[in-house]
>>> print(open('final37.tsv').read())   # TSV, C-alpha atoms and all ligand atoms
chain	number	residue	atom	x	y	z
P	242	MET	CA	0.00	0.00	0.00
P	243	LYS	CA	2.80	2.34	0.98
P	244	LYS	CA	4.66	1.51	-2.24
P	245	LYS	CA	1.58	2.26	-4.30
P	246	LEU	CA	1.15	5.65	-2.59
P	247	LEU	CA	4.80	6.46	-3.16
P	248	PHE	CA	4.44	5.53	-6.83
P	249	ILE	CA	1.39	7.79	-7.29
P	250	LEU	CA	3.16	10.61	-5.47
P	251	SER	CA	6.27	10.39	-7.61
P	252	ILE	CA	4.21	10.24	-10.85
P	253	THR	CA	2.26	13.32	-9.72
P	254	LEU	CA	5.51	15.09	-8.94
P	255	ILE	CA	6.98	14.28	-12.36
P	256	LEU	CA	3.78	15.44	-14.10
P	257	PHE	CA	3.76	18.62	-12.03
P	258	MET	CA	7.38	19.36	-12.93
P	259	GLN	CA	6.72	18.71	-16.61
P	260	LEU	CA	3.69	21.00	-16.53
P	261	ASN	CA	5.80	23.71	-14.95
P	262	VAL	CA	8.45	23.30	-17.65
P	263	ILE	CA	5.74	23.67	-20.31
P	264	GLN	CA	4.35	26.75	-18.54
P	265	ILE	CA	7.79	28.33	-18.19
P	266	GLU	CA	8.47	27.61	-21.88
P	267	ALA	CA	5.15	29.21	-22.82
P	268	ILE	CA	5.89	32.31	-20.73
P	269	SER	CA	9.40	32.70	-22.10
P	270	GLU	CA	7.98	32.22	-25.61
P	271	THR	CA	5.57	35.16	-25.18
P	272	LEU	CA	8.41	37.25	-23.79
P	273	LYS	CA	10.61	36.31	-26.72
P	274	GLU	CA	7.86	36.41	-29.33
P	275	PRO	CA	5.45	39.08	-28.19
P	276	THR	CA	1.89	39.28	-29.42
P	277	VAL	CA	0.03	42.44	-30.36
P	278	LYS	CA	-3.71	42.85	-30.51
P	279	LEU	CA	-4.64	45.22	-33.32
P	280	ARG	CA	-8.17	46.37	-34.17
P	281	ILE	CA	-8.80	47.59	-37.72
P	282	LEU	CA	-11.97	49.63	-38.30
P	283	GLU	CA	-13.73	50.32	-41.60
P	284	THR	CA	-16.39	52.68	-42.87
P	285	THR	CA	-17.45	52.59	-46.51
P	286	ASP	CA	-20.05	53.98	-48.92
P	287	ILE	CA	-21.14	56.77	-46.59
P	288	HIS	CA	-22.46	58.73	-49.63
P	289	SER	CA	-22.73	61.87	-47.48
P	290	TYR	CA	-25.52	60.40	-45.39
P	291	LEU	CA	-23.87	62.22	-42.56
P	292	LEU	CA	-26.97	62.52	-40.41
P	293	ASP	CA	-29.51	59.96	-39.29
P	294	TYR	CA	-32.09	61.54	-41.54
P	295	ASN	CA	-34.37	60.06	-44.19
P	296	TYR	CA	-34.62	62.80	-46.83
P	297	GLU	CA	-37.43	61.01	-48.68
P	298	LYS	CA	-39.67	60.68	-45.65
P	299	LYS	CA	-38.34	63.93	-44.22
P	300	LYS	CA	-37.78	62.49	-40.78
P	301	LYS	CA	-35.07	61.09	-38.54
P	302	THR	CA	-34.09	57.44	-38.83
P	303	ILE	CA	-32.22	55.00	-36.61
P	304	GLU	CA	-31.18	52.77	-39.52
P	305	TYR	CA	-28.29	54.78	-40.96
P	306	GLY	CA	-26.29	57.99	-40.64
P	307	TYR	CA	-22.60	58.70	-40.20
P	308	ASN	CA	-23.30	60.47	-36.91
P	309	ARG	CA	-24.52	57.11	-35.53
P	310	VAL	CA	-21.70	54.92	-36.83
P	311	ALA	CA	-19.32	57.60	-35.52
P	312	SER	CA	-20.46	56.71	-31.98
P	313	LEU	CA	-19.73	53.03	-32.73
P	314	ILE	CA	-16.24	54.04	-33.90
P	315	THR	CA	-15.61	55.92	-30.65
P	316	GLN	CA	-16.81	52.92	-28.66
P	317	ALA	CA	-14.73	50.42	-30.68
P	318	LYS	CA	-11.63	52.58	-30.21
P	319	LYS	CA	-12.15	52.66	-26.44
P	320	GLU	CA	-12.36	48.87	-26.22
P	321	GLN	CA	-8.94	48.24	-27.74
P	322	ARG	CA	-5.74	50.25	-27.29
P	323	ASN	CA	-4.25	49.56	-30.72
P	324	THR	CA	-6.62	50.66	-33.47
P	325	LEU	CA	-6.53	51.81	-37.07
P	326	LEU	CA	-9.43	53.46	-38.92
P	327	PHE	CA	-9.96	53.49	-42.69
P	328	ASP	CA	-12.60	54.59	-45.20
P	329	VAL	CA	-13.08	52.71	-48.45
P	330	GLY	CA	-14.73	55.39	-50.59
P	331	ASP	CA	-17.94	56.86	-52.01
P	332	VAL	CA	-18.02	59.70	-49.52
P	333	ILE	CA	-18.94	62.87	-51.40
P	334	LYS	CA	-21.91	61.90	-53.60
P	335	GLY	CA	-25.30	60.41	-52.86
P	336	SER	CA	-27.42	62.31	-50.36
P	337	PRO	CA	-29.31	65.57	-50.96
P	338	LEU	CA	-26.78	67.17	-48.59
P	339	ALA	CA	-24.01	66.15	-51.01
P	340	GLU	CA	-26.00	67.65	-53.89
P	341	PHE	CA	-26.47	70.86	-51.98
P	342	VAL	CA	-22.74	71.13	-51.16
P	343	ALA	CA	-21.71	70.43	-54.76
P	344	SER	CA	-24.08	73.14	-56.02
P	345	SER	CA	-23.11	75.67	-53.38
P	346	PRO	CA	-20.85	78.58	-54.38
P	347	MET	CA	-19.92	78.86	-50.71
P	348	PHE	CA	-18.18	75.51	-50.96
P	349	TYR	CA	-15.95	76.64	-53.80
P	350	SER	CA	-14.68	79.49	-51.66
P	351	ASN	CA	-12.55	77.11	-49.61
P	352	ASP	CA	-15.05	75.66	-47.21
P	353	ILE	CA	-14.23	72.14	-46.02
P	354	HIS	CA	-16.72	69.53	-47.21
P	355	PRO	CA	-19.04	68.66	-44.29
P	356	ALA	CA	-18.21	64.97	-44.82
P	357	TYR	CA	-14.58	65.70	-43.94
P	358	LYS	CA	-15.53	68.09	-41.15
P	359	SER	CA	-17.32	65.07	-39.64
P	360	MET	CA	-14.76	62.38	-40.48
P	361	ASN	CA	-11.85	64.50	-39.23
P	362	LEU	CA	-13.34	64.23	-35.73
P	363	LEU	CA	-12.82	60.46	-35.68
P	364	GLY	CA	-9.11	60.29	-36.52
P	365	TYR	CA	-8.80	58.29	-39.73
P	366	ASP	CA	-5.46	56.75	-40.63
P	367	ALA	CA	-6.11	56.63	-44.39
P	368	ALA	CA	-8.78	56.27	-47.07
P	369	THR	CA	-9.24	55.36	-50.70
P	370	VAL	CA	-11.52	56.79	-53.40
P	371	GLY	CA	-14.70	55.18	-54.70
P	372	ASN	CA	-16.24	55.57	-58.15
P	373	HIS	CA	-18.68	58.24	-56.94
P	374	GLU	CA	-15.78	60.46	-55.88
P	375	PHE	CA	-15.43	61.28	-59.60
P	376	ASN	CA	-19.06	62.21	-60.30
P	377	TYR	CA	-18.61	65.97	-59.90
P	378	GLY	CA	-15.34	66.10	-61.84
P	379	LEU	CA	-11.66	66.14	-60.95
P	380	ASP	CA	-11.49	69.79	-59.82
P	381	PHE	CA	-14.26	69.25	-57.32
P	382	LEU	CA	-12.67	66.01	-56.11
P	383	LEU	CA	-9.20	67.44	-55.58
P	384	ASN	CA	-10.60	70.53	-53.89
P	385	THR	CA	-12.69	68.34	-51.61
P	386	LEU	CA	-9.89	65.94	-50.65
P	387	ARG	CA	-7.83	68.87	-49.36
P	388	GLY	CA	-10.28	69.01	-46.47
P	389	ALA	CA	-9.47	65.48	-45.27
P	390	ASP	CA	-6.81	65.54	-42.57
P	391	PHE	CA	-5.80	61.97	-43.41
P	392	PRO	CA	-4.03	60.64	-46.52
P	393	TYR	CA	-5.75	59.17	-49.59
P	394	THR	CA	-4.23	56.31	-51.51
P	395	ASN	CA	-4.99	54.50	-54.76
P	396	ALA	CA	-2.70	52.35	-56.86
P	397	ASN	CA	-4.56	51.60	-60.10
P	398	ILE	CA	-5.60	55.07	-61.31
P	399	TYR	CA	-2.92	56.48	-63.61
P	400	VAL	CA	-2.45	59.71	-65.53
P	401	ASP	CA	-3.26	59.06	-69.20
P	402	ASP	CA	0.05	59.86	-70.89
P	403	ARG	CA	-1.28	58.69	-74.26
P	404	ASN	CA	1.55	56.33	-75.00
P	405	GLU	CA	1.73	52.54	-74.97
P	406	TYR	CA	4.69	52.22	-72.63
P	407	GLU	CA	3.76	51.19	-69.14
P	408	GLN	CA	7.17	51.89	-67.59
P	409	ASP	CA	6.68	55.65	-67.57
P	410	ASP	CA	3.11	55.59	-66.26
P	411	ILE	CA	2.43	57.90	-63.31
P	412	HIS	CA	0.00	57.21	-60.48
P	413	PHE	CA	-2.67	59.85	-59.93
P	414	PHE	CA	-2.69	59.29	-56.16
P	415	GLN	CA	0.00	57.99	-53.80
P	416	PRO	CA	-0.07	54.31	-54.83
P	417	TYR	CA	0.50	53.08	-51.28
P	418	LEU	CA	1.19	54.29	-47.76
P	419	LEU	CA	3.52	52.99	-45.09
P	420	LEU	CA	2.13	54.06	-41.73
P	421	ASP	CA	4.46	53.90	-38.75
P	422	LYS	CA	2.22	52.74	-35.97
P	423	ASP	CA	3.27	52.55	-32.35
P	424	VAL	CA	1.46	49.69	-30.66
P	425	VAL	CA	1.54	48.20	-27.18
P	426	ASN	CA	2.16	44.45	-27.02
P	427	GLU	CA	0.55	42.02	-24.57
P	428	ASN	CA	3.53	42.42	-22.22
P	429	GLY	CA	2.82	46.15	-22.04
P	430	GLU	CA	5.85	47.17	-24.14
P	431	MET	CA	5.90	49.46	-27.16
P	432	GLU	CA	6.38	47.96	-30.59
P	433	LYS	CA	6.77	49.64	-33.94
P	434	LEU	CA	4.58	48.33	-36.71
P	435	LYS	CA	4.93	49.40	-40.33
P	436	VAL	CA	1.44	49.15	-41.77
P	437	GLY	CA	1.25	49.11	-45.56
P	438	VAL	CA	-1.98	50.41	-47.10
P	439	ILE	CA	-2.88	49.98	-50.77
P	440	GLY	CA	-6.06	51.34	-52.41
P	441	LEU	CA	-7.75	49.77	-55.45
P	442	ILE	CA	-10.84	50.79	-57.44
P	443	THR	CA	-13.09	48.96	-59.88
P	444	PRO	CA	-11.97	49.98	-63.40
P	445	ILE	CA	-15.57	50.37	-64.61
P	446	THR	CA	-15.37	53.81	-62.96
P	447	GLN	CA	-13.62	55.11	-66.08
P	448	VAL	CA	-16.60	53.97	-68.18
P	449	TRP	CA	-19.27	55.31	-65.83
P	450	ASP	CA	-17.49	58.67	-65.53
P	451	LYS	CA	-16.06	58.74	-69.05
P	452	GLU	CA	-16.54	62.48	-69.27
P	453	HIS	CA	-14.02	63.03	-66.43
P	454	PHE	CA	-11.60	60.24	-67.35
P	455	GLU	CA	-11.23	60.46	-71.11
P	456	ASN	CA	-7.77	61.70	-72.12
P	457	ARG	CA	-6.93	62.40	-68.49
P	458	LEU	CA	-6.89	59.27	-66.39
P	459	ILE	CA	-6.92	55.52	-66.93
P	460	ILE	CA	-7.67	52.70	-64.50
P	461	LYS	CA	-5.72	49.46	-64.75
P	462	ASN	CA	-6.55	45.91	-63.65
P	463	MET	CA	-6.73	45.72	-59.84
P	464	ARG	CA	-4.96	42.39	-59.37
P	465	LYS	CA	-2.23	43.12	-61.90
P	466	THR	CA	-1.52	46.46	-60.21
P	467	ALA	CA	-1.52	44.94	-56.73
P	468	GLU	CA	0.91	42.22	-57.82
P	469	GLU	CA	3.26	44.95	-59.00
P	470	ILE	CA	2.93	47.27	-55.99
P	471	VAL	CA	2.75	44.86	-53.02
P	472	PRO	CA	6.34	43.54	-53.47
P	473	GLN	CA	7.53	47.20	-53.45
P	474	MET	CA	5.74	47.72	-50.15
P	475	LYS	CA	7.30	44.56	-48.71
P	476	LYS	CA	10.73	45.71	-49.86
P	477	LYS	CA	10.22	48.98	-48.02
P	478	GLY	CA	9.53	47.09	-44.81
P	479	ALA	CA	5.74	46.74	-44.55
P	480	ASP	CA	5.03	44.40	-41.63
P	481	ILE	CA	1.42	43.88	-42.61
P	482	ILE	CA	-0.45	45.01	-45.73
P	483	ILE	CA	-4.06	46.16	-45.71
P	484	ALA	CA	-5.91	46.49	-49.02
P	485	LEU	CA	-8.71	49.07	-49.25
P	486	VAL	CA	-10.75	47.78	-52.18
P	487	HIS	CA	-13.57	49.75	-53.75
P	488	ALA	CA	-15.02	46.76	-55.62
P	489	GLY	CA	-17.30	43.84	-54.79
P	490	LEU	CA	-16.88	40.10	-54.31
P	491	TYR	CA	-17.71	39.80	-58.03
P	492	SER	CA	-16.44	42.07	-60.79
P	493	ASP	CA	-18.83	44.72	-62.08
P	494	GLN	CA	-20.93	43.47	-64.96
P	495	ASN	CA	-20.31	44.81	-68.47
P	496	TYR	CA	-16.61	45.32	-67.88
P	497	ARG	CA	-13.88	43.24	-69.47
P	498	PRO	CA	-11.68	41.69	-68.33
P	499	LYS	CA	-13.67	40.43	-65.38
P	500	SER	CA	-10.63	38.62	-64.05
P	501	GLY	CA	-8.65	40.51	-61.42
P	502	ASN	CA	-11.23	43.17	-60.73
P	503	ASN	CA	-12.94	41.77	-57.65
P	504	VAL	CA	-12.18	41.12	-53.98
P	505	ARG	CA	-11.82	37.33	-54.37
P	506	ASP	CA	-9.03	37.84	-56.91
P	507	ILE	CA	-7.33	40.46	-54.71
P	508	SER	CA	-7.37	38.02	-51.80
P	509	LYS	CA	-5.10	35.75	-53.86
P	510	VAL	CA	-2.38	38.39	-54.16
P	511	GLU	CA	0.64	37.27	-52.16
P	512	GLY	CA	1.60	39.71	-49.42
P	513	ILE	CA	-1.86	41.21	-48.87
P	514	ASP	CA	-2.85	40.30	-45.31
P	515	VAL	CA	-6.19	42.04	-44.70
P	516	ILE	CA	-8.98	43.31	-46.98
P	517	LEU	CA	-11.50	46.07	-46.29
P	518	TYR	CA	-13.94	46.45	-49.16
P	519	GLY	CA	-17.01	48.40	-50.24
P	520	HIS	CA	-18.90	49.53	-53.37
P	521	THR	CA	-21.72	46.93	-53.46
P	522	HIS	CA	-23.38	48.10	-50.21
P	523	GLY	CA	-23.35	44.58	-48.81
P	524	ILE	CA	-21.96	43.27	-45.57
P	525	PHE	CA	-19.30	40.67	-44.95
P	526	PRO	CA	-19.23	38.39	-43.07
P	527	VAL	CA	-22.89	37.41	-42.77
P	528	LYS	CA	-23.58	34.90	-40.00
P	529	GLY	CA	-24.58	31.52	-41.43
P	530	ALA	CA	-24.13	32.54	-45.10
P	531	LYS	CA	-22.30	30.20	-47.46
P	532	GLY	CA	-19.91	30.54	-50.41
P	533	PRO	CA	-18.90	31.28	-53.14
P	534	LYS	CA	-15.69	29.23	-53.29
P	535	GLY	CA	-12.96	30.54	-51.01
P	536	VAL	CA	-15.40	32.77	-49.09
P	537	ASN	CA	-15.83	31.72	-45.46
P	538	HIS	CA	-18.51	33.76	-43.69
P	539	ASP	CA	-18.17	31.87	-40.39
P	540	LYS	CA	-14.50	32.75	-40.07
P	541	GLY	CA	-14.69	36.11	-41.89
P	542	LEU	CA	-12.03	34.98	-44.33
P	543	ILE	CA	-11.70	35.18	-48.10
P	544	ASN	CA	-9.12	32.70	-49.37
P	545	GLY	CA	-7.73	32.71	-45.83
P	546	LYS	CA	-7.43	36.52	-45.54
P	547	PRO	CA	-9.34	38.42	-42.82
P	548	THR	CA	-11.91	40.56	-44.67
P	549	VAL	CA	-14.79	42.90	-43.85
P	550	GLN	CA	-17.43	44.97	-45.70
P	551	ALA	CA	-19.36	47.56	-43.70
P	552	GLY	CA	-22.61	48.08	-45.66
P	553	ASN	CA	-23.48	51.66	-46.59
P	554	TRP	CA	-24.66	55.06	-45.32
P	555	GLY	CA	-23.12	54.36	-41.91
P	556	ASN	CA	-25.37	51.41	-41.10
P	557	HIS	CA	-22.45	49.16	-40.06
P	558	LEU	CA	-18.93	49.43	-38.75
P	559	GLY	CA	-16.38	46.97	-40.08
P	560	ILE	CA	-14.17	45.50	-37.36
P	561	ILE	CA	-11.23	43.14	-37.80
P	562	ASP	CA	-9.50	42.08	-34.58
P	563	LEU	CA	-6.06	40.67	-35.22
P	564	THR	CA	-3.63	38.93	-32.92
P	565	LEU	CA	-0.18	39.40	-34.38
P	566	GLN	CA	2.85	37.46	-33.29
P	567	LYS	CA	6.46	38.38	-33.95
P	568	LYS	CA	8.48	35.37	-35.08
P	569	LYS	CA	12.10	35.86	-36.08
P	570	ASP	CA	11.49	39.61	-36.55
P	571	LYS	CA	8.46	38.99	-38.79
P	572	TRP	CA	4.90	39.78	-37.77
P	573	MET	CA	2.42	37.01	-38.53
P	574	ILE	CA	-1.35	36.93	-38.10
P	575	LYS	CA	-2.00	34.33	-35.42
P	576	GLU	CA	-5.75	34.85	-35.05
P	577	SER	CA	-8.41	37.04	-36.59
P	578	LYS	CA	-12.06	37.88	-36.13
P	579	SER	CA	-14.12	39.91	-38.62
P	580	THR	CA	-17.42	41.56	-37.78
P	581	ALA	CA	-19.75	43.90	-39.63
P	582	LYS	CA	-21.34	45.51	-36.59
P	583	PRO	CA	-24.77	47.08	-37.18
P	584	ILE	CA	-25.92	50.31	-35.52
P	585	ILE	CA	-29.26	48.71	-34.65
P	586	ARG	CA	-30.30	45.48	-33.02
P	587	ILE	CA	-33.53	43.66	-33.91
P	588	ILE	CA	-35.42	42.35	-30.88
P	589	LYS	CA	-38.80	40.68	-31.47
P	590	LYS	CA	-38.94	42.25	-34.95
P	591	LYS	CA	-38.43	45.68	-33.40
P	592	LYS	CA	-35.44	47.78	-34.44
P	593	ILE	CA	-33.55	49.12	-31.44
P	594	PRO	CA	-30.63	51.56	-31.79
P	595	ILE	CA	-27.47	50.45	-30.01
P	596	VAL	CA	-25.80	53.86	-30.14
P	597	SER	CA	-26.95	57.45	-29.98
P	598	PRO	CA	-25.85	59.99	-32.57
P	599	MET	CA	-22.56	61.81	-31.98
P	600	PRO	CA	-23.59	65.35	-30.88
P	601	GLN	CA	-20.52	67.12	-32.34
P	602	ILE	CA	-21.48	65.98	-35.86
P	603	GLU	CA	-25.07	67.17	-35.48
P	604	TYR	CA	-23.70	70.51	-34.30
P	605	ILE	CA	-21.27	70.86	-37.23
P	606	LEU	CA	-23.95	69.91	-39.73
P	607	SER	CA	-26.92	71.88	-38.45
P	608	ASN	CA	-26.56	74.76	-40.94
P	609	TYR	CA	-25.75	72.47	-43.87
P	610	GLN	CA	-28.82	70.41	-43.05
P	611	LYS	CA	-31.07	73.45	-42.84
P	612	GLU	CA	-29.82	74.74	-46.17
P	613	THR	CA	-30.12	71.27	-47.74
P	614	LEU	CA	-33.79	71.09	-46.80
P	615	GLU	CA	-34.36	74.58	-48.24
P	616	TYR	CA	-32.42	73.55	-51.36
P	617	MET	CA	-34.62	70.46	-51.75
P	618	ASN	CA	-37.75	72.58	-51.52
P	619	SER	CA	-36.49	75.03	-54.12
P	620	LYS	CA	-35.53	72.17	-56.45
P	621	GLN	CA	-38.98	70.67	-56.12
P	622	LEU	CA	-40.45	74.07	-56.90
P	623	LEU	CA	-38.26	74.32	-59.99
P	624	ASN	CA	-39.21	70.80	-61.09
P	625	HIS	CA	-42.83	71.73	-60.64
P	626	LEU	CA	-42.40	74.88	-62.74
P	627	GLU	CA	-40.69	72.90	-65.48
U	701	ZN	ZN	-18.95	52.46	-55.40
>>> encode(input="final37.tsv", output="structure tokens", more="lines below")
Ligand SMILES: [Zn+2]
Amino acid sequence: MKKKLLFILSITLILFMQLNVIQIEAISETLKEPTVKLRILETTDIHSYLLDYNYEKKKKTIEYGYNRVASLITQAKKEQRNTLLFDVGDVIKGSPLAEFVASSPMFYSNDIHPAYKSMNLLGYDAATVGNHEFNYGLDFLLNTLRGADFPYTNANIYVDDRNEYEQDDIHFFQPYLLLDKDVVNENGEMEKLKVGVIGLITPITQVWDKEHFENRLIIKNMRKTAEEIVPQMKKKGADIIIALVHAGLYSDQNYRPKSGNNVRDISKVEGIDVILYGHTHGIFPVKGAKGPKGVNHDKGLINGKPTVQAGNWGNHLGIIDLTLQKKKDKWMIKESKSTAKPIIRIIKKKKIPIVSPMPQIEYILSNYQKETLEYMNSKQLLNHLE
């Protein structure tokens, strides 16, 4: 009996010691190879629906509005110490407020577009242009972008130099950005992260806005461009690369070639780690949804890459939570979680807001909104007279 007890005791002791060794190894591993939790936030297709206001019904709404998603952004930033915020385009055209601003002589005398007055409050790290950015022409676009206090990037829009040689082609925007981001690792120490950001746009934009593109700008294949640019970003030391893609899961119809001009094809580009996309006003991931091939809604991955799409008009916030681990001086994505977080919750078929509007945005926009409503009335009057 005594022998048996001694045997059990010694086995327990050996197991305990082994466990401790494993624990010590695990601790020293995290000290040696620190992990960083990084939250990447996305807005897209805001279309200047800056307020929670339904212009058709002429009343407030809880279903959309940048001022509402702005509160979600503030909340999401508070929950995680390392965050990045991006917009994926279609900001300046869409709502009656956007129409009013574009028609207003006041705006041309150096006023900042109310969309940027609002977005500047949230601290964006970068953004890319959508097709609707070109609707009012290049002068209007460039004048407007000056109001954004964050950089814009796009890689596949080039100046049309009217020759066949590709080697001398010049990008219209900065083709990519390398953001030096200070982050705090899980051991509480500072780390430097070089975040590469590349912007891509659906080439059908040059057909839809031919009037503004012809003889001035051309748009090249998204995948081909990314395959050219991403290695340059890697060479310059990008630790992770985020693609801001203004195009859908499928290429736009009526544009050839279809290949390379959609998110699924971009997800296959080596070196791109994370994708934030927009344009089609959908959301990704959708709980329980299936396919197409390579698209995993449950895990929020497209061909293995963490991806998100945040709806439109500020109805969702895109959130990708990454756990990065440094191995032999290289940052790798260890875990990821993608969420398109809505601004409302549906309980027993009733829509309940989960955030209140951000008061600063309402304050900034109050005059623009008043004048927009007056503008709408005058337009209706004109239409009636016609
Ligand atoms: Zn679009």
>>> closest_atom_pairs(input="final37.tsv", of="chain P", to="ligand ZN 701 (chain U)", cutoff="12 Å", atoms="all atoms listed in the file", output="CSV")
residue,atom,partner,partner_atom,distance
P:Thr285,CA,U:ZN701,ZN,9.0
P:Asp286,CA,U:ZN701,ZN,6.7
P:Ile287,CA,U:ZN701,ZN,10.0
P:His288,CA,U:ZN701,ZN,9.2
P:Val329,CA,U:ZN701,ZN,9.1
P:Gly330,CA,U:ZN701,ZN,7.0
P:Asp331,CA,U:ZN701,ZN,5.6
P:Val332,CA,U:ZN701,ZN,9.4
P:Ile333,CA,U:ZN701,ZN,11.2
P:Lys334,CA,U:ZN701,ZN,10.1
P:Gly335,CA,U:ZN701,ZN,10.5
P:Thr369,CA,U:ZN701,ZN,11.2
P:Val370,CA,U:ZN701,ZN,8.8
P:Gly371,CA,U:ZN701,ZN,5.1
P:Asn372,CA,U:ZN701,ZN,5.0
P:His373,CA,U:ZN701,ZN,6.0
P:Glu374,CA,U:ZN701,ZN,8.6
P:Phe375,CA,U:ZN701,ZN,10.4
P:Asn376,CA,U:ZN701,ZN,10.9
P:Leu441,CA,U:ZN701,ZN,11.5
P:Ile442,CA,U:ZN701,ZN,8.5
P:Thr443,CA,U:ZN701,ZN,8.2
P:Pro444,CA,U:ZN701,ZN,10.9
P:Ile445,CA,U:ZN701,ZN,10.0
P:Thr446,CA,U:ZN701,ZN,8.5
P:Trp449,CA,U:ZN701,ZN,10.8
P:Asp450,CA,U:ZN701,ZN,12.0
P:Val486,CA,U:ZN701,ZN,10.0
P:His487,CA,U:ZN701,ZN,6.2
P:Ala488,CA,U:ZN701,ZN,6.9
P:Gly489,CA,U:ZN701,ZN,8.8
P:Ser492,CA,U:ZN701,ZN,12.0
P:Asp493,CA,U:ZN701,ZN,10.2
P:Tyr518,CA,U:ZN701,ZN,10.0
P:Gly519,CA,U:ZN701,ZN,6.8
P:His520,CA,U:ZN701,ZN,3.6
P:Thr521,CA,U:ZN701,ZN,6.5
P:His522,CA,U:ZN701,ZN,8.1
P:Gly523,CA,U:ZN701,ZN,11.2
P:Gly552,CA,U:ZN701,ZN,11.3
P:Asn553,CA,U:ZN701,ZN,9.9
P:Trp554,CA,U:ZN701,ZN,11.9
>>> closest_residue(input="final37.tsv", among="P:Ala484, P:Leu542, P:Ala479, P:Ile314", to="Gly440 in chain P", atoms="only C-alpha atoms")
P:Ala484
>>> closest_residue(input="final37.tsv", among="P:Glu469, P:Asp293, P:Glu274, P:Asp390", to="Lys569 in chain P", atoms="all atoms listed in the file")
P:Glu274
>>> closest_residue(input="final37.tsv", among="P:His557, P:Lys528, P:Lys319, P:Lys301", to="Arg586 in chain P", atoms="all atoms listed in the file")
P:His557
>>> closest_atom_pairs(input="final37.tsv", of="range 484-602 of chain P", to="range 417-427 of chain P", cutoff="12 Å", atoms="all atoms listed in the file", output="JSON lines")
{"residue": "P:Ala484", "atom": "CA", "partner": "P:Tyr417", "partner_atom": "CA", "distance": 9.5}
{"residue": "P:Leu485", "atom": "CA", "partner": "P:Tyr417", "partner_atom": "CA", "distance": 10.2}
{"residue": "P:Thr564", "atom": "CA", "partner": "P:Glu427", "partner_atom": "CA", "distance": 9.8}
{"residue": "P:Leu565", "atom": "CA", "partner": "P:Asn426", "partner_atom": "CA", "distance": 9.2}
{"residue": "P:Gln566", "atom": "CA", "partner": "P:Asn426", "partner_atom": "CA", "distance": 9.4}
{"residue": "P:Lys567", "atom": "CA", "partner": "P:Asn426", "partner_atom": "CA", "distance": 10.2}
>>> closest_residue(input="final37.tsv", among="P:His453, P:Lys358, P:Lys435, P:Lys620", to="Gly378 in chain P", atoms="all atoms listed in the file")
P:His453
>>> closest_atom_pairs(input="final37.tsv", of="range 335-451 of chain P", to="range 592-600 of chain P", cutoff="12 Å", atoms="all atoms listed in the file", output="tab-separated table")
residue	atom	partner	partner_atom	distance
P:Ser359	CA	P:Met599	CA	9.8
P:Met360	CA	P:Met599	CA	11.6
P:Leu362	CA	P:Met599	CA	10.2
P:Leu363	CA	P:Met599	CA	10.5
>>> atom_distance(input="final37.tsv", atom1="CA of Ile602 in chain P", atom2="CA of Glu320 in chain P")
21.7 Å
>>> atom_distance(input="final37.tsv", atom1="CA of Gly306 in chain P", atom2="CA of Asp328 in chain P")
14.8 Å
>>> residues_near_point(input="final37.tsv", point="(-0.9, 45.4, -50.8)", cutoff="10 Å", atoms="all atoms listed in the file", output="PyMOL selection string")
chain P and resi 396+416-418+437-441+464+466-475+479+481-485+507-508+510-516
>>> residues_around(input="final37.tsv", residues="Leu383 in chain P", least_positions_apart="2", cutoff="12 Å", atoms="only C-alpha atoms", output="ChimeraX atom specification")
/P:333,349,351,353-354,370,374-375,377-381,385-389,393,413-414
>>> axis_aligned_box(input="final37.tsv", around="range 313-322 of chain P", padding_each_side="3 Å", output="JSON")
{"center_x": -12.7, "center_y": 52.1, "center_z": -30.1, "size_x": 20.0, "size_y": 13.7, "size_z": 13.7}
>>> atom_distance(input="final37.tsv", atom1="CA of Tyr604 in chain P", atom2="CA of Glu304 in chain P")
19.9 Å
>>> closest_residue(input="final37.tsv", among="P:Tyr609, P:Thr276, P:Met617, P:Asp366", to="Val342 in chain P", atoms="all atoms listed in the file")
P:Tyr609
>>> residues_around(input="final37.tsv", residues="His538 in chain P", least_positions_apart="4", cutoff="6 Å", atoms="all atoms listed in the file", output="PyMOL selection string")
chain P and resi 526-527+530
>>> decode(input="final37.tsv", residues="range 386-392 of chain P", atoms="N, CA and C atoms", output="short mmCIF file (atom, residue, chain, number, x, y, z; two decimals), in the first residue's frame")
data_model
loop_
_atom_site.label_atom_id
_atom_site.label_comp_id
_atom_site.auth_asym_id
_atom_site.auth_seq_id
_atom_site.Cartn_x
_atom_site.Cartn_y
_atom_site.Cartn_z
N LEU P 386 -10.83 66.79 -51.40
CA LEU P 386 -9.89 65.94 -50.65
C LEU P 386 -8.92 66.75 -49.79
N ARG P 387 -8.72 68.01 -50.17
CA ARG P 387 -7.83 68.87 -49.36
C ARG P 387 -8.37 69.04 -47.95
N GLY P 388 -9.67 68.84 -47.79
CA GLY P 388 -10.28 69.01 -46.47
C GLY P 388 -10.09 67.82 -45.55
N ALA P 389 -9.66 66.68 -46.10
CA ALA P 389 -9.47 65.48 -45.27
C ALA P 389 -8.13 65.59 -44.56
N ASP P 390 -8.11 65.45 -43.23
CA ASP P 390 -6.81 65.54 -42.57
C ASP P 390 -6.18 64.16 -42.38
N PHE P 391 -6.44 63.29 -43.37
CA PHE P 391 -5.80 61.97 -43.41
C PHE P 391 -5.46 61.70 -44.87
N PRO P 392 -4.47 60.83 -45.14
CA PRO P 392 -4.03 60.64 -46.52
C PRO P 392 -4.95 59.73 -47.34
#
